[in-house]
$ cat protein_22.cif   # mmCIF, C-alpha atoms and all ligand atoms
data_entry
#
loop_
_atom_site.label_atom_id
_atom_site.label_comp_id
_atom_site.auth_asym_id
_atom_site.auth_seq_id
_atom_site.Cartn_x
_atom_site.Cartn_y
_atom_site.Cartn_z
CA MET A 1 11.23 -0.10 19.70
CA LYS A 2 12.02 3.06 17.79
CA VAL A 3 10.59 2.63 14.30
CA LEU A 4 11.47 4.71 11.25
CA VAL A 5 8.45 4.75 8.94
CA CYS A 6 9.75 5.58 5.46
CA GLY A 7 6.76 6.73 3.39
CA GLY A 8 4.80 7.39 6.59
CA ALA A 9 3.12 10.51 5.16
CA GLY A 10 1.46 8.55 2.35
CA TYR A 11 -1.99 7.01 2.19
CA ILE A 12 -1.24 3.70 3.90
CA GLY A 13 1.67 5.14 5.89
CA SER A 14 -0.46 7.78 7.62
CA HIS A 15 -2.88 5.08 8.76
CA VAL A 16 -0.03 2.83 9.95
CA VAL A 17 1.48 5.73 11.91
CA ARG A 18 -1.88 6.52 13.53
CA GLU A 19 -2.34 2.89 14.68
CA MET A 20 1.22 2.85 16.02
CA VAL A 21 0.75 6.11 17.92
CA ARG A 22 -2.60 5.00 19.34
CA SER A 23 -1.26 1.59 20.40
CA SER A 24 1.67 3.37 22.18
CA GLN A 25 3.85 0.29 21.67
CA HIS A 26 6.60 1.97 19.68
CA LYS A 27 8.26 5.35 19.20
CA VAL A 28 7.70 6.55 15.63
CA VAL A 29 9.71 8.77 13.29
CA VAL A 30 8.33 9.53 9.81
CA LEU A 31 10.58 9.96 6.78
CA ASP A 32 8.92 11.12 3.58
CA LEU A 33 9.45 13.10 0.43
CA LEU A 34 5.84 14.39 0.72
CA ALA A 35 5.44 13.56 -2.99
CA ALA A 36 1.98 12.02 -2.67
CA THR A 37 0.58 15.07 -0.85
CA HIS A 38 2.54 17.72 -2.80
CA GLY A 39 4.21 19.00 0.35
CA HIS A 40 1.09 18.94 2.55
CA LYS A 41 1.71 17.53 6.03
CA SER A 42 -1.38 18.50 8.03
CA HIS A 43 -2.39 14.81 8.17
CA ILE A 44 0.75 13.69 10.02
CA GLU A 45 0.08 12.74 13.65
CA THR A 46 0.79 15.51 16.14
CA GLY A 47 4.04 15.01 18.02
CA VAL A 48 5.56 12.55 15.53
CA PRO A 49 8.96 13.75 14.23
CA LEU A 50 9.04 14.21 10.45
CA GLU A 51 12.19 14.03 8.32
CA VAL A 52 11.52 15.40 4.85
CA GLY A 53 13.80 13.90 2.21
CA ASP A 54 14.46 11.13 -0.27
CA VAL A 55 15.52 7.59 0.75
CA ARG A 56 17.79 7.52 -2.31
CA ASP A 57 19.83 10.37 -0.80
CA GLU A 58 22.61 8.56 1.10
CA ALA A 59 23.78 11.62 3.08
CA PHE A 60 20.22 12.35 4.20
CA LEU A 61 19.63 8.73 5.29
CA GLU A 62 22.98 8.67 7.10
CA ARG A 63 21.96 11.77 9.07
CA VAL A 64 18.50 10.38 9.89
CA PHE A 65 19.87 7.00 11.07
CA SER A 66 22.63 8.67 13.14
CA GLU A 67 20.19 11.05 14.79
CA HIS A 68 17.23 8.72 15.46
CA LYS A 69 18.97 5.32 15.79
CA PRO A 70 15.93 3.26 14.77
CA ASP A 71 15.60 -0.38 15.91
CA ALA A 72 13.35 -1.17 12.97
CA VAL A 73 12.19 0.27 9.65
CA ILE A 74 8.83 0.12 7.93
CA HIS A 75 9.65 0.77 4.27
CA MET A 76 6.66 2.04 2.30
CA CYS A 77 8.31 4.49 -0.13
CA ALA A 78 7.59 3.67 -3.75
CA TRP A 79 6.00 4.82 -6.96
CA LEU A 80 2.98 2.60 -7.33
CA SER A 81 1.00 3.05 -10.52
CA VAL A 82 1.00 -0.07 -12.71
CA PRO A 83 0.29 1.78 -16.00
CA GLU A 84 2.85 4.51 -15.22
CA SER A 85 5.44 1.80 -14.52
CA VAL A 86 4.81 0.40 -18.02
CA ARG A 87 5.52 3.87 -19.50
CA GLU A 88 8.38 4.85 -17.13
CA PRO A 89 10.09 1.63 -15.96
CA LEU A 90 13.44 3.25 -15.13
CA ALA A 91 11.83 5.72 -12.73
CA TYR A 92 10.21 2.76 -11.00
CA PHE A 93 13.40 0.71 -10.73
CA ASP A 94 15.17 3.81 -9.46
CA ASN A 95 12.74 4.64 -6.67
CA ASN A 96 11.50 1.18 -5.71
CA VAL A 97 14.69 -0.86 -6.10
CA VAL A 98 17.48 1.69 -5.57
CA GLY A 99 15.42 3.26 -2.75
CA THR A 100 15.16 -0.12 -0.98
CA LEU A 101 18.87 -0.74 -1.56
CA ARG A 102 19.74 2.57 0.12
CA VAL A 103 17.51 1.79 3.10
CA LEU A 104 19.13 -1.64 3.53
CA GLN A 105 22.63 -0.12 3.24
CA ALA A 106 21.80 2.40 5.97
CA MET A 107 20.33 -0.39 8.14
CA LYS A 108 23.48 -2.47 7.66
CA ASN A 109 25.74 0.49 8.49
CA HIS A 110 23.79 1.32 11.66
CA GLY A 111 23.08 -2.20 12.97
CA CYS A 112 19.32 -1.89 12.41
CA LYS A 113 18.14 -5.47 11.93
CA GLN A 114 14.39 -5.46 11.29
CA ILE A 115 12.37 -4.29 8.30
CA VAL A 116 8.69 -4.48 7.40
CA PHE A 117 8.34 -4.03 3.66
CA SER A 118 5.28 -2.87 1.68
CA SER A 119 4.91 -5.43 -1.06
CA THR A 120 2.06 -6.15 -3.40
CA ALA A 121 -0.23 -8.64 -5.08
CA ALA A 122 1.25 -7.40 -8.37
CA LEU A 123 4.24 -9.72 -7.99
CA PHE A 124 2.06 -12.78 -8.65
CA GLY A 125 0.95 -11.80 -12.15
CA THR A 126 -1.85 -14.06 -13.35
CA PRO A 127 -2.01 -16.73 -10.63
CA GLU A 128 -2.21 -20.49 -11.30
CA SER A 129 -4.92 -20.83 -8.61
CA THR A 130 -6.83 -18.60 -6.21
CA PRO A 131 -6.95 -17.56 -3.43
CA ILE A 132 -3.23 -16.85 -3.80
CA LYS A 133 -1.00 -18.25 -1.07
CA PRO A 134 2.26 -16.46 -0.19
CA ASP A 135 4.44 -19.19 -1.72
CA ALA A 136 2.59 -19.16 -5.07
CA ARG A 137 4.63 -18.64 -8.27
CA LYS A 138 5.91 -15.08 -8.73
CA ALA A 139 5.41 -13.83 -12.29
CA PRO A 140 4.91 -10.04 -12.27
CA GLU A 141 3.21 -8.60 -15.35
CA SER A 142 4.38 -5.02 -14.94
CA PRO A 143 7.60 -3.20 -14.13
CA TYR A 144 5.93 -2.14 -10.85
CA GLY A 145 5.52 -5.81 -9.87
CA ASP A 146 9.10 -6.53 -11.00
CA THR A 147 10.48 -3.79 -8.74
CA LYS A 148 8.63 -5.11 -5.69
CA PHE A 149 9.77 -8.67 -6.38
CA ALA A 150 13.37 -7.44 -6.77
CA ALA A 151 13.12 -5.56 -3.47
CA GLU A 152 11.80 -8.67 -1.69
CA LEU A 153 14.71 -10.73 -3.06
CA MET A 154 17.18 -8.08 -1.88
CA ILE A 155 15.72 -8.13 1.62
CA ASN A 156 15.77 -11.96 1.67
CA ALA A 157 19.49 -11.97 0.83
CA CYS A 158 20.24 -9.66 3.77
CA GLU A 159 19.19 -12.20 6.41
CA THR A 160 22.10 -14.63 6.00
CA ALA A 161 24.59 -11.93 5.02
CA TYR A 162 23.89 -9.24 7.62
CA GLY A 163 21.31 -10.66 10.04
CA ILE A 164 18.66 -8.22 8.79
CA ARG A 165 15.26 -9.93 9.09
CA GLY A 166 12.29 -8.77 7.06
CA VAL A 167 8.55 -9.23 6.78
CA HIS A 168 7.04 -8.70 3.34
CA LEU A 169 3.43 -7.61 3.65
CA ARG A 170 1.81 -8.07 0.26
CA TYR A 171 -1.21 -5.83 0.27
CA PHE A 172 -3.91 -6.71 -2.17
CA ASN A 173 -6.12 -3.67 -2.98
CA ALA A 174 -5.68 -1.18 -0.17
CA CYS A 175 -8.77 0.99 0.21
CA GLY A 176 -11.06 2.87 2.57
CA ALA A 177 -10.17 5.59 5.05
CA HIS A 178 -9.86 6.02 8.79
CA VAL A 179 -13.27 5.83 10.53
CA ASP A 180 -12.65 9.32 11.96
CA GLY A 181 -12.85 10.62 8.36
CA ASP A 182 -9.78 12.87 8.64
CA ILE A 183 -7.21 10.77 6.76
CA GLY A 184 -7.75 8.81 3.56
CA GLU A 185 -6.64 8.10 0.02
CA THR A 186 -5.48 11.14 -1.94
CA HIS A 187 -3.10 10.18 -4.71
CA ASP A 188 -2.62 12.96 -7.26
CA PRO A 189 -3.08 12.07 -10.04
CA GLU A 190 -5.45 9.37 -8.76
CA THR A 191 -5.40 6.01 -10.52
CA HIS A 192 -7.18 3.71 -8.03
CA LEU A 193 -10.70 2.54 -8.72
CA ILE A 194 -12.61 3.43 -5.54
CA PRO A 195 -11.42 7.06 -5.17
CA LEU A 196 -12.00 7.63 -8.89
CA VAL A 197 -15.56 6.27 -8.65
CA LEU A 198 -16.20 8.47 -5.60
CA GLN A 199 -14.92 11.50 -7.54
CA VAL A 200 -17.77 10.85 -10.00
CA ALA A 201 -20.24 10.83 -7.09
CA LEU A 202 -18.76 14.15 -5.93
CA GLY A 203 -19.31 15.67 -9.39
CA GLN A 204 -15.57 15.96 -10.09
CA ARG A 205 -15.73 13.53 -13.07
CA ASP A 206 -18.51 12.80 -15.55
CA HIS A 207 -18.11 9.04 -15.51
CA ILE A 208 -15.87 6.15 -14.52
CA LYS A 209 -14.13 4.12 -17.23
CA ILE A 210 -14.27 0.34 -16.86
CA PHE A 211 -10.92 -0.94 -18.13
CA GLY A 212 -11.71 -4.18 -19.95
CA THR A 213 -15.00 -6.07 -20.10
CA ASP A 214 -13.73 -9.19 -21.87
CA TYR A 215 -11.77 -10.86 -19.08
CA ALA A 216 -12.49 -14.49 -18.15
CA THR A 217 -14.40 -13.47 -15.02
CA PRO A 218 -18.14 -13.79 -14.22
CA ASP A 219 -19.05 -10.30 -15.53
CA GLY A 220 -16.01 -9.78 -17.78
CA THR A 221 -14.36 -7.14 -15.54
CA CYS A 222 -11.30 -7.60 -13.33
CA VAL A 223 -11.73 -9.06 -9.85
CA ARG A 224 -9.73 -7.73 -6.89
CA ASP A 225 -9.51 -8.35 -3.14
CA TYR A 226 -10.22 -5.01 -1.42
CA VAL A 227 -8.67 -4.67 2.07
CA HIS A 228 -9.34 -1.81 4.46
CA VAL A 229 -6.33 0.39 5.19
CA THR A 230 -6.81 0.12 8.97
CA ASP A 231 -6.74 -3.68 8.72
CA LEU A 232 -3.50 -3.36 6.76
CA SER A 233 -2.16 -1.03 9.45
CA THR A 234 -2.67 -3.47 12.31
CA ALA A 235 -0.73 -6.09 10.33
CA HIS A 236 2.35 -3.80 10.47
CA ILE A 237 2.26 -3.68 14.26
CA GLN A 238 1.88 -7.47 14.35
CA ALA A 239 4.78 -7.83 11.91
CA LEU A 240 6.98 -5.70 14.20
CA ASP A 241 5.99 -7.92 17.17
CA TYR A 242 6.87 -10.99 15.11
CA LEU A 243 10.32 -9.60 14.28
CA GLU A 244 10.92 -8.38 17.84
CA LYS A 245 10.31 -11.93 19.07
CA GLY A 246 13.00 -13.21 16.68
CA GLY A 247 10.82 -14.19 13.71
CA LYS A 248 12.68 -15.10 10.51
CA THR A 249 12.31 -13.34 7.16
CA ASP A 250 8.93 -14.27 5.75
CA ALA A 251 6.13 -13.11 3.44
CA PHE A 252 2.42 -12.71 4.11
CA ASN A 253 -0.49 -11.98 1.79
CA LEU A 254 -3.02 -9.50 3.14
CA GLY A 255 -6.45 -9.97 1.65
CA LEU A 256 -9.88 -11.25 2.59
CA ALA A 257 -10.07 -14.16 0.10
CA ASP A 258 -13.15 -12.41 -1.30
CA GLY A 259 -13.06 -10.82 -4.74
CA PHE A 260 -15.18 -8.04 -6.24
CA SER A 261 -15.36 -7.13 -9.90
CA VAL A 262 -14.98 -3.57 -11.17
CA LYS A 263 -18.72 -3.54 -11.94
CA GLU A 264 -19.56 -4.78 -8.42
CA VAL A 265 -17.40 -2.07 -6.83
CA ILE A 266 -19.14 0.62 -8.90
CA GLU A 267 -22.55 -0.77 -7.93
CA SER A 268 -21.58 -0.75 -4.21
CA CYS A 269 -20.44 2.88 -4.57
CA ARG A 270 -23.85 3.71 -6.08
CA LYS A 271 -25.56 2.16 -3.02
CA VAL A 272 -23.33 3.96 -0.51
CA THR A 273 -23.43 7.40 -2.18
CA GLY A 274 -26.93 7.35 -3.66
CA HIS A 275 -25.44 8.74 -6.90
CA PRO A 276 -26.11 7.05 -10.29
CA ILE A 277 -22.33 7.06 -11.17
CA PRO A 278 -22.32 6.70 -14.97
CA ALA A 279 -19.82 4.12 -16.24
CA VAL A 280 -18.39 3.72 -19.76
CA LEU A 281 -16.70 0.67 -21.19
CA ALA A 282 -13.02 1.18 -22.12
CA PRO A 283 -10.17 -1.01 -23.42
CA ARG A 284 -8.08 -3.11 -21.05
CA ARG A 285 -5.40 -1.30 -19.04
CA GLU A 286 -1.89 -2.70 -19.58
CA GLY A 287 -0.46 -4.94 -16.86
CA ASP A 288 -3.80 -5.90 -15.24
CA PRO A 289 -4.20 -9.62 -14.32
CA PRO A 290 -7.88 -10.71 -14.47
CA ILE A 291 -8.23 -11.99 -10.88
CA LEU A 292 -6.16 -11.23 -7.76
CA VAL A 293 -7.61 -12.67 -4.56
CA ALA A 294 -5.44 -13.44 -1.51
CA SER A 295 -5.30 -16.17 1.03
CA GLY A 296 -4.68 -14.26 4.28
CA GLU A 297 -4.57 -17.50 6.30
CA LYS A 298 -0.82 -17.41 6.96
CA ALA A 299 -1.03 -13.82 8.25
CA LYS A 300 -3.90 -14.85 10.51
CA SER A 301 -2.19 -17.93 11.93
CA ILE A 302 1.38 -16.60 12.31
CA LEU A 303 0.94 -12.85 12.85
CA GLY A 304 -2.49 -13.06 14.52
CA TRP A 305 -4.03 -10.76 11.88
CA LYS A 306 -7.81 -10.25 12.29
CA PRO A 307 -9.32 -7.99 9.61
CA GLN A 308 -12.38 -6.09 10.90
CA PHE A 309 -13.79 -4.56 7.68
CA ASP A 310 -15.38 -7.57 6.06
CA THR A 311 -17.77 -6.08 3.49
CA ILE A 312 -17.07 -3.85 0.52
CA GLU A 313 -19.92 -1.50 1.58
CA LYS A 314 -18.34 -0.92 5.03
CA ILE A 315 -15.04 -0.12 3.34
CA ILE A 316 -16.60 2.26 0.79
CA GLU A 317 -18.57 4.04 3.56
CA THR A 318 -15.29 5.03 5.26
CA ALA A 319 -13.80 6.19 1.94
CA TRP A 320 -16.94 8.22 1.17
CA LYS A 321 -16.86 9.93 4.59
CA PHE A 322 -13.29 11.08 3.87
CA HIS A 323 -14.01 12.17 0.28
CA VAL A 324 -17.07 14.20 1.28
CA SER A 325 -15.09 16.07 3.95
CA HIS A 326 -11.90 16.36 1.80
CA PRO A 327 -13.09 16.84 -1.80
CA LYS A 328 -9.68 18.31 -2.72
CA GLY A 329 -7.65 15.90 -0.60
CA TYR A 330 -5.44 17.65 1.96
CA LYS A 331 -5.49 20.88 -0.08
CA CYS A 332 -8.63 22.07 1.77
P1 LIG B 401 1.49 6.79 -1.31
O1 LIG B 401 2.03 7.34 -2.58
O2 LIG B 401 0.30 7.45 -0.73
O3 LIG B 401 2.62 6.74 -0.20
C1 LIG B 401 3.98 6.53 -0.48
C2 LIG B 401 4.74 7.58 0.28
O4 LIG B 401 6.14 7.37 0.03
C3 LIG B 401 4.42 9.00 -0.22
O5 LIG B 401 4.12 9.83 0.90
C4 LIG B 401 5.70 9.46 -0.93
O6 LIG B 401 5.94 10.84 -0.74
C5 LIG B 401 6.74 8.61 -0.24
N1 LIG B 401 7.91 8.37 -1.09
C6 LIG B 401 7.93 7.81 -2.32
N2 LIG B 401 9.20 7.73 -2.76
C7 LIG B 401 9.98 8.24 -1.79
C8 LIG B 401 11.37 8.41 -1.64
N3 LIG B 401 12.23 8.06 -2.60
N4 LIG B 401 11.85 8.96 -0.49
C9 LIG B 401 11.00 9.34 0.49
N5 LIG B 401 9.66 9.20 0.41
C10 LIG B 401 9.16 8.64 -0.72
O7 LIG B 401 1.21 5.24 -1.57
P2 LIG B 401 0.43 4.17 -0.68
O8 LIG B 401 -0.81 3.79 -1.41
O9 LIG B 401 0.35 4.63 0.72
O10 LIG B 401 1.44 2.94 -0.79
C11 LIG B 401 2.42 2.70 0.20
C12 LIG B 401 3.21 1.46 -0.16
O11 LIG B 401 2.32 0.35 -0.30
C13 LIG B 401 3.96 1.54 -1.50
O12 LIG B 401 5.21 0.92 -1.32
C14 LIG B 401 3.12 0.72 -2.45
O13 LIG B 401 3.90 0.14 -3.47
C15 LIG B 401 2.55 -0.32 -1.52
N6 LIG B 401 1.26 -0.89 -1.97
C16 LIG B 401 0.17 -0.06 -2.10
C17 LIG B 401 -1.04 -0.61 -2.53
C18 LIG B 401 -2.29 0.24 -2.69
O14 LIG B 401 -3.32 -0.31 -3.08
N7 LIG B 401 -2.25 1.53 -2.40
C19 LIG B 401 -1.14 -1.98 -2.80
C20 LIG B 401 0.00 -2.77 -2.65
C21 LIG B 401 1.19 -2.21 -2.22
N1 LIG B 402 -10.00 0.24 -12.93
C1 LIG B 402 -10.98 0.65 -13.82
N2 LIG B 402 -11.16 1.99 -14.03
C2 LIG B 402 -10.40 2.94 -13.39
C3 LIG B 402 -9.40 2.50 -12.49
C4 LIG B 402 -9.23 1.15 -12.27
O1 LIG B 402 -11.67 -0.18 -14.41
O2 LIG B 402 -10.58 4.13 -13.67
C5 LIG B 402 -9.81 -1.20 -12.71
C6 LIG B 402 -8.39 -1.66 -12.98
O3 LIG B 402 -8.24 -1.97 -14.34
C7 LIG B 402 -8.29 -2.89 -12.06
C8 LIG B 402 -9.21 -2.53 -10.90
O4 LIG B 402 -10.05 -1.46 -11.34
O5 LIG B 402 -8.82 -4.01 -12.71
C9 LIG B 402 -8.45 -2.06 -9.67
O6 LIG B 402 -7.51 -1.09 -10.11
P1 LIG B 402 -6.70 -0.17 -9.11
O7 LIG B 402 -5.88 0.75 -9.95
O8 LIG B 402 -7.61 0.43 -8.10
O9 LIG B 402 -5.77 -1.19 -8.31
P2 LIG B 402 -4.72 -2.29 -8.84
O10 LIG B 402 -5.52 -3.57 -8.95
O11 LIG B 402 -4.13 -1.83 -10.13
O12 LIG B 402 -3.73 -2.35 -7.72
#
$ encode --input "protein_22.cif" --output "structure tokens"
Amino acid sequence: MKVLVCGGAGYIGSHVVREMVRSSQHKVVVLDLLAATHGHKSHIETGVPLEVGDVRDEAFLERVFSEHKPDAVIHMCAWLSVPESVREPLAYFDNNVVGTLRVLQAMKNHGCKQIVFSSTAALFGTPESTPIKPDARKAPESPYGDTKFAAELMINACETAYGIRGVHLRYFNACGAHVDGDIGETHDPETHLIPLVLQVALGQRDHIKIFGTDYATPDGTCVRDYVHVTDLSTAHIQALDYLEKGGKTDAFNLGLADGFSVKEVIESCRKVTGHPIPAVLAPRREGDPPILVASGEKAKSILGWKPQFDTIEKIIETAWKFHVSHPKGYKC
């Protein structure tokens, strides 16, 4: 199939594109605003066509769909900071909801019937039980989670109406970097825990702040399910296979059913880097549920997903290799 990867120059997108190119199953075209890398594109796979533009721009999308005629779309474009979404909800609804609407309109207009959508654990809010199964109650606690839930609902409605089938891949905490060490996580400004902790080990920050130590968790800090970005990437290829074989619209949680607290992640980073990594206690961050741990069983049984990075140390080692060789992200 020819697959248009919207957001393919981002952190997860660049890993997805690499797995797709290396598996040689599909032809890939990347569409991206290059917002996350401030225009840098050295990390995009050689030979993969790149269309630079905004998915909210209808004329641009029309041109890209007419020229490349994709059979399927992987839609990863979004703003993704929970605290920023609390401060700037309209920007989040604009990019994450209107952006998805525009992609679906272009798919409808061009007879493109398959979409793999980057969704998130954030749409569950504080779960009633863990590990969280895909059909658990949806109760987002941030505008970011609301936008992803809205986008899922929009995609669901397109199956009966237009025959567009979608797979929602709800990533829990994406982390780590490619084992080759040349692509990895470089959000700017960075808000995610592991890269921020590694910036302390690199001497770029004095300490890491622990947001909230009074949660109802074993050590009082939030617990998350950290999934390696390459394991997330293989799930996209499996989701495309599922859709190509006629699979119906469905949702899958991608996590290891194993949670780590903020304090445990910092401790693992100390072990991997050999740096003391000072930590200071700080107030809770808005929109953070105490525990988010996924049941990935449905993805394993239906998509055939087999995550390979099964310890937090293995994951952090890959992130550290990237951070040491790219202390300024793709700017160096
Ligand atoms: P990222 O910021 O590195 O990548 C997103 C890419 O989309 C960027 O390259 C950006 O330039 C592009 N983009 C954003 N808006 C665009 C637009 N309107 N038009 C064109 N390009 C646009 O983020 P990421 O961590 O790779 O996340 C990718 C997707 O996964 C997002 O949809 C995010 O919500 C979702 N997700 C991420 C995580 C995580 O832990 N990183 C967890 C759950 C879900
Ligand atoms: N966190 C923290 N200090 C930081 C950044 C994050 O304590 O500087 C916490 C955050 O409150 C959450 C966890 O680490 O409980 C994971 O946050 P991250 O932003 O990496 O991912 P999220 O769970 O929001 O998707």
$ closest_atom_pairs --input "protein_22.cif" --of "segment 65-144 of chain A" --to "segment 22-37 of chain A" --cutoff "9 Å" --atoms "all atoms listed in the file" --output "Markdown table"
| residue | atom | partner | partner_atom | distance |
| --- | --- | --- | --- | --- |
| A:His68 | CA | A:Val29 | CA | 7.8 |
| A:Pro70 | CA | A:Val29 | CA | 8.4 |
| A:Cys77 | CA | A:Asp32 | CA | 7.6 |
$ write_last_selection --input "protein_22.cif" --atoms "C-alpha atoms" --output "mmCIF file, keeping the file's coordinate frame"
data_model
loop_
_atom_site.group_PDB
_atom_site.id
_atom_site.type_symbol
_atom_site.label_atom_id
_atom_site.label_comp_id
_atom_site.auth_asym_id
_atom_site.auth_seq_id
_atom_site.Cartn_x
_atom_site.Cartn_y
_atom_site.Cartn_z
ATOM 1 C CA HIS A 68 17.230 8.720 15.460
ATOM 2 C CA PRO A 70 15.930 3.260 14.770
ATOM 3 C CA CYS A 77 8.310 4.490 -0.130
#
$ atom_distance --input "protein_22.cif" --atom1 "atom N2 of ligand LIG 402 (chain B)" --atom2 "atom CA of Arg18 of chain A"
29.4 Å
$ residues_near_ligand --input "protein_22.cif" --ligand "ligand LIG 401 (chain B)" --cutoff "6 Å" --atoms "all atoms listed in the file" --output "tab-separated table (two decimals) with C-alpha atoms, in the frame of the given file"
chain	number	residue	atom	x	y	z
A	7	GLY	CA	6.76	6.73	3.39
A	9	ALA	CA	3.12	10.51	5.16
A	10	GLY	CA	1.46	8.55	2.35
A	11	TYR	CA	-1.99	7.01	2.19
A	12	ILE	CA	-1.24	3.70	3.90
A	13	GLY	CA	1.67	5.14	5.89
A	32	ASP	CA	8.92	11.12	3.58
A	33	LEU	CA	9.45	13.10	0.43
A	34	LEU	CA	5.84	14.39	0.72
A	35	ALA	CA	5.44	13.56	-2.99
A	36	ALA	CA	1.98	12.02	-2.67
A	53	GLY	CA	13.80	13.90	2.21
A	54	ASP	CA	14.46	11.13	-0.27
A	55	VAL	CA	15.52	7.59	0.75
A	56	ARG	CA	17.79	7.52	-2.31
A	76	MET	CA	6.66	2.04	2.30
A	77	CYS	CA	8.31	4.49	-0.13
A	78	ALA	CA	7.59	3.67	-3.75
A	79	TRP	CA	6.00	4.82	-6.96
A	80	LEU	CA	2.98	2.60	-7.33
A	95	ASN	CA	12.74	4.64	-6.67
A	99	GLY	CA	15.42	3.26	-2.75
A	118	SER	CA	5.28	-2.87	1.68
A	119	SER	CA	4.91	-5.43	-1.06
A	120	THR	CA	2.06	-6.15	-3.40
A	171	TYR	CA	-1.21	-5.83	0.27
A	172	PHE	CA	-3.91	-6.71	-2.17
A	173	ASN	CA	-6.12	-3.67	-2.98
A	174	ALA	CA	-5.68	-1.18	-0.17
A	187	HIS	CA	-3.10	10.18	-4.71
$ residues_near_ligand --input "protein_22.cif" --ligand "ligand LIG 402 (chain B)" --cutoff "10 Å" --atoms "only C-alpha atoms and all ligand atoms" --output "JSON, numbers by chain"
{"A": [80, 81, 82, 83, 120, 121, 122, 171, 172, 173, 174, 175, 190, 191, 192, 193, 194, 195, 196, 197, 207, 208, 209, 210, 211, 212, 213, 215, 221, 222, 223, 224, 225, 226, 260, 261, 262, 263, 265, 266, 279, 280, 281, 282, 283, 284, 285, 286, 287, 288, 289, 290, 291, 292]}
$ residues_around --input "protein_22.cif" --residues "Gly246 of chain A" --least-positions-apart "4" --cutoff "12 Å" --atoms "only C-alpha atoms" --output "list in words"
Lys113, Gln114, Gly163, Ile164, Arg165, Gly166, Val167, Ala239, Leu240, Asp241, Tyr242 and Asp250 of chain A
$ write_last_selection --input "protein_22.cif" --atoms "C-alpha atoms" --output "PDB file, in the frame of the given file"
ATOM      1  CA  LYS A 113      18.140  -5.470  11.930  1.00  0.00           C
ATOM      2  CA  GLN A 114      14.390  -5.460  11.290  1.00  0.00           C
ATOM      3  CA  GLY A 163      21.310 -10.660  10.040  1.00  0.00           C
ATOM      4  CA  ILE A 164      18.660  -8.220   8.790  1.00  0.00           C
ATOM      5  CA  ARG A 165      15.260  -9.930   9.090  1.00  0.00           C
ATOM      6  CA  GLY A 166      12.290  -8.770   7.060  1.00  0.00           C
ATOM      7  CA  VAL A 167       8.550  -9.230   6.780  1.00  0.00           C
ATOM      8  CA  ALA A 239       4.780  -7.830  11.910  1.00  0.00           C
ATOM      9  CA  LEU A 240       6.980  -5.700  14.200  1.00  0.00           C
ATOM     10  CA  ASP A 241       5.990  -7.920  17.170  1.00  0.00           C
ATOM     11  CA  TYR A 242       6.870 -10.990  15.110  1.00  0.00           C
ATOM     12  CA  ASP A 250       8.930 -14.270   5.750  1.00  0.00           C
TER      13      ASP A 250
END
$ closest_residue --input "protein_22.cif" --among "A:Ile316, A:Val16, A:Ala91, A:Leu61" --to "Ser233 of chain A" --atoms "all atoms listed in the file"
A:Val16
$ residues_around --input "protein_22.cif" --residues "Ser42 of chain A" --least-positions-apart "5" --cutoff "12 Å" --atoms "all atoms listed in the file" --output "PyMOL selection string"
chain A and resi 9-10+14+34+37+47-48+50+182-183+329-332
$ write_last_selection --input "protein_22.cif" --atoms "C-alpha atoms" --output "compact mmCIF listing (two decimals), in the coordinates of the input"
# COMPACT_ATOMS: atom_id res chain seq x y z
CA ALA A 9 3.12 10.51 5.16
CA GLY A 10 1.46 8.55 2.35
CA SER A 14 -0.46 7.78 7.62
CA LEU A 34 5.84 14.39 0.72
CA THR A 37 0.58 15.07 -0.85
CA GLY A 47 4.04 15.01 18.02
CA VAL A 48 5.56 12.55 15.53
CA LEU A 50 9.04 14.21 10.45
CA ASP A 182 -9.78 12.87 8.64
CA ILE A 183 -7.21 10.77 6.76
CA GLY A 329 -7.65 15.90 -0.60
CA TYR A 330 -5.44 17.65 1.96
CA LYS A 331 -5.49 20.88 -0.08
CA CYS A 332 -8.63 22.07 1.77
$ residues_around --input "protein_22.cif" --residues "Leu101 of chain A" --least-positions-apart "2" --cutoff "9 Å" --atoms "all atoms listed in the file" --output "list in words"
Arg56, Asn96, Val97, Val98, Gly99, Val103, Leu104, Gln105, Ala106, Ala151, Met154 and Ile155 of chain A
$ residues_around --input "protein_22.cif" --residues "segment 301-307 of chain A" --least-positions-apart "3" --cutoff "9 Å" --atoms "only C-alpha atoms" --output "number ranges by chain"
A: 227-228, 230-232, 234-235, 238-239, 241-242, 252, 254-256, 296-298, 310
$ closest_residue --input "protein_22.cif" --among "A:Thr186, A:Gln199, A:Thr100, A:Thr130" --to "His275 of chain A" --atoms "all atoms listed in the file"
A:Gln199
$ closest_residue --input "protein_22.cif" --among "A:Glu45, A:Glu264, A:Lys138, A:Asp57" --to "Glu19 of chain A" --atoms "only C-alpha atoms"
A:Glu45
$ atom_distance --input "protein_22.cif" --atom1 "atom CA of Glu88 of chain A" --atom2 "atom CA of Tyr144 of chain A"
9.7 Å
$ closest_residue --input "protein_22.cif" --among "A:His326, A:Arg270, A:Lys148, A:Lys248" --to "Glu313 of chain A" --atoms "all atoms listed in the file"
A:Arg270
